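Visitor: The structure's right below; bear with me while I get my questions together.
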Amino acid sequence: MNKLAAESAFLGQGWSFPPMFDRFSRGVALVQGVEDIEQSIRLILGIAPGERQMLPAFACDLSQFVFGPDDPSVEAMIESEVAAALRNYEPRIYVERVTVVPDSDSAARGILITIAYTVCSTNRRYNLVYPYYLNEATGIPR
């Protein structure tokens with residue numbers, strides 16, 4: 001078993017998100033390793049509290065900041081909320097830093113949330129940028 005396969009096996013695997021089916025295996029499409037962790041982070045940030053039936057608190061409530069002002073104090077609250085949600089619901093990572101900046105390249109009112117994290121079991125560092133928009137799909141050219 002090569003090093004990458006051993007690392008992926010150690011980190012585990014889960015259903016892809018959104019759930020899909022693999023027509024070749026005739027089963028649920030699975031993701032593993034770092035891809036599984038990234039999908040988990042996106043899932044945590046992308047849902048609101050109460051959306052998970054058996055885990056109603058599983059989420060990061062970014063919607064509470066939608067109508068807030070664009071100022072550093074709100075950005076700091078978002079950073080704190082994201083870091084806390086990831087610490088609570090993604091035990092495979094250590095969150096090093098969360099930064100929030102307005103997305104100046106988009107026509108939609110949005111922010112870019114950058115998460116710097118380390119996978120605990122492998123001690124490898126990764127970054128993930130999560131775009132959060134007030135009006136989805138408004139920056140798509142016609």
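Letters A, B, ... mark the chains of the structure tokens in the order given; residue numbers begin at 1 per chain; ligand numbers begin at 1, in order shown.
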Considering only C-alpha atoms, return as a PDB file with N, CA and C atoms, in the first residue's frame whatever protein or nucleic-acid residues lie within 7 Å of segment 82-96 of chain A, sequence-local ones (same chain, fewer than 5 positions apart) excluded.
Guide:
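For reference, result-v4.pdb as written:
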ATOM      1  N   PHE A  58     -25.862  20.634  14.728  1.00  0.00           N
ATOM      2  CA  PHE A  58     -24.754  20.463  13.790  1.00  0.00           C
ATOM      3  C   PHE A  58     -24.867  21.499  12.682  1.00  0.00           C
ATOM      4  N   ALA A  59     -24.056  22.544  12.752  1.00  0.00           N
ATOM      5  CA  ALA A  59     -24.070  23.590  11.733  1.00  0.00           C
ATOM      6  C   ALA A  59     -23.202  24.756  12.183  1.00  0.00           C
ATOM      7  N   CYS A  60     -23.051  25.686  11.285  1.00  0.00           N
ATOM      8  CA  CYS A  60     -22.431  26.969  11.585  1.00  0.00           C
ATOM      9  C   CYS A  60     -23.437  28.015  11.135  1.00  0.00           C
ATOM     10  N   ALA A 116      -7.416  27.983   7.562  1.00  0.00           N
ATOM     11  CA  ALA A 116      -6.132  27.290   7.581  1.00  0.00           C
ATOM     12  C   ALA A 116      -6.231  26.233   8.669  1.00  0.00           C
ATOM     13  N   TYR A 117      -5.992  24.978   8.289  1.00  0.00           N
ATOM     14  CA  TYR A 117      -6.151  23.901   9.256  1.00  0.00           C
ATOM     15  C   TYR A 117      -5.084  22.832   9.040  1.00  0.00           C
ATOM     16  N   THR A 118      -4.889  22.032  10.078  1.00  0.00           N
ATOM     17  CA  THR A 118      -3.964  20.910  10.035  1.00  0.00           C
ATOM     18  C   THR A 118      -4.749  19.638  10.283  1.00  0.00           C
ATOM     19  N   VAL A 119      -4.514  18.636   9.461  1.00  0.00           N
ATOM     20  CA  VAL A 119      -5.111  17.326   9.696  1.00  0.00           C
ATOM     21  C   VAL A 119      -4.326  16.699  10.847  1.00  0.00           C
ATOM     22  N   CYS A 120      -5.018  16.396  11.929  1.00  0.00           N
ATOM     23  CA  CYS A 120      -4.359  15.952  13.163  1.00  0.00           C
ATOM     24  C   CYS A 120      -3.537  14.680  12.977  1.00  0.00           C
TER      25      CYS A 120
END
Visitor: Could you pull out all residues of segment 6-136 of chain A with a DSSP call of strand (DSSP E or B) and give them as an MDAnalysis selection string?
Guide: chainID A and resid 13:15 21:22 27:28 30:32 93:102 110:119 124:133
Visitor: Enumerate, as a ChimeraX atom specification, the complete set of residues in segment 21-140 of chain A that a backbone-based DSSP assignment places in alpha helix (DSSP H).
Guide: /A:34-46,72-89
Visitor: When you look at segment 14-25 of chain A with a cut-off of 10 Å (counting only C-alpha atoms), what residues show up, excluding the ones that are within fewer than 6 positions of it in the same chain? I need them as a ChimeraX atom specification.
Guide: /A:31-33,35-37,39-40,42-43
Visitor: Could you take the residues named above and write them with N, CA and C atoms, as a PDB file, in the first residue's frame?
Guide:
ATOM      1  N   VAL A  31     -16.161   9.325  -0.802  1.00  0.00           N
ATOM      2  CA  VAL A  31     -14.944  10.128  -0.853  1.00  0.00           C
ATOM      3  C   VAL A  31     -14.100   9.721   0.342  1.00  0.00           C
ATOM      4  N   GLN A  32     -12.807   9.945   0.222  1.00  0.00           N
ATOM      5  CA  GLN A  32     -11.934   9.557   1.322  1.00  0.00           C
ATOM      6  C   GLN A  32     -10.806  10.548   1.502  1.00  0.00           C
ATOM      7  N   GLY A  33     -10.155  10.447   2.634  1.00  0.00           N
ATOM      8  CA  GLY A  33      -8.995  11.266   2.925  1.00  0.00           C
ATOM      9  C   GLY A  33      -9.324  12.737   3.084  1.00  0.00           C
ATOM     10  N   GLU A  35     -10.240  14.882   0.863  1.00  0.00           N
ATOM     11  CA  GLU A  35     -11.465  15.281   0.162  1.00  0.00           C
ATOM     12  C   GLU A  35     -12.686  15.101   1.062  1.00  0.00           C
ATOM     13  N   ASP A  36     -12.703  14.037   1.859  1.00  0.00           N
ATOM     14  CA  ASP A  36     -13.795  13.803   2.802  1.00  0.00           C
ATOM     15  C   ASP A  36     -13.828  14.909   3.861  1.00  0.00           C
ATOM     16  N   ILE A  37     -12.669  15.315   4.333  1.00  0.00           N
ATOM     17  CA  ILE A  37     -12.595  16.390   5.329  1.00  0.00           C
ATOM     18  C   ILE A  37     -13.077  17.701   4.731  1.00  0.00           C
ATOM     19  N   GLN A  39     -15.161  18.182   2.239  1.00  0.00           N
ATOM     20  CA  GLN A  39     -16.608  18.146   2.070  1.00  0.00           C
ATOM     21  C   GLN A  39     -17.321  18.296   3.407  1.00  0.00           C
ATOM     22  N   SER A  40     -16.737  17.739   4.462  1.00  0.00           N
ATOM     23  CA  SER A  40     -17.316  17.886   5.794  1.00  0.00           C
ATOM     24  C   SER A  40     -17.298  19.352   6.236  1.00  0.00           C
ATOM     25  N   ARG A  42     -17.270  22.023   4.278  1.00  0.00           N
ATOM     26  CA  ARG A  42     -18.268  22.733   3.467  1.00  0.00           C
ATOM     27  C   ARG A  42     -19.684  22.433   3.946  1.00  0.00           C
ATOM     28  N   LEU A  43     -19.922  21.210   4.365  1.00  0.00           N
ATOM     29  CA  LEU A  43     -21.237  20.838   4.886  1.00  0.00           C
ATOM     30  C   LEU A  43     -21.538  21.585   6.183  1.00  0.00           C
TER      31      LEU A  43
END
Visitor: Atom CA of Arg97 of chain A to atom CA of Ile115 of chain A: how many Å, to one decimal?
Guide: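 Between atom CA of Arg97 of chain A and atom CA of Ile115 of chain A the gap works out to 5.9 Å.
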Visitor: When distances are computed from only C-alpha atoms, which of A:Ile41, A:Ile78, A:Val66, A:Ala57 shows the smallest separation from Arg109 of chain A?
Guide: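 Selected residue with least distance to Arg109 of chain A: A:Val66.
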Visitor: Suppose you want the space between atom CA of Pro69 of chain A and atom CA of Pro49 of chain A; what is it in Å?
Guide: 22.1 Å
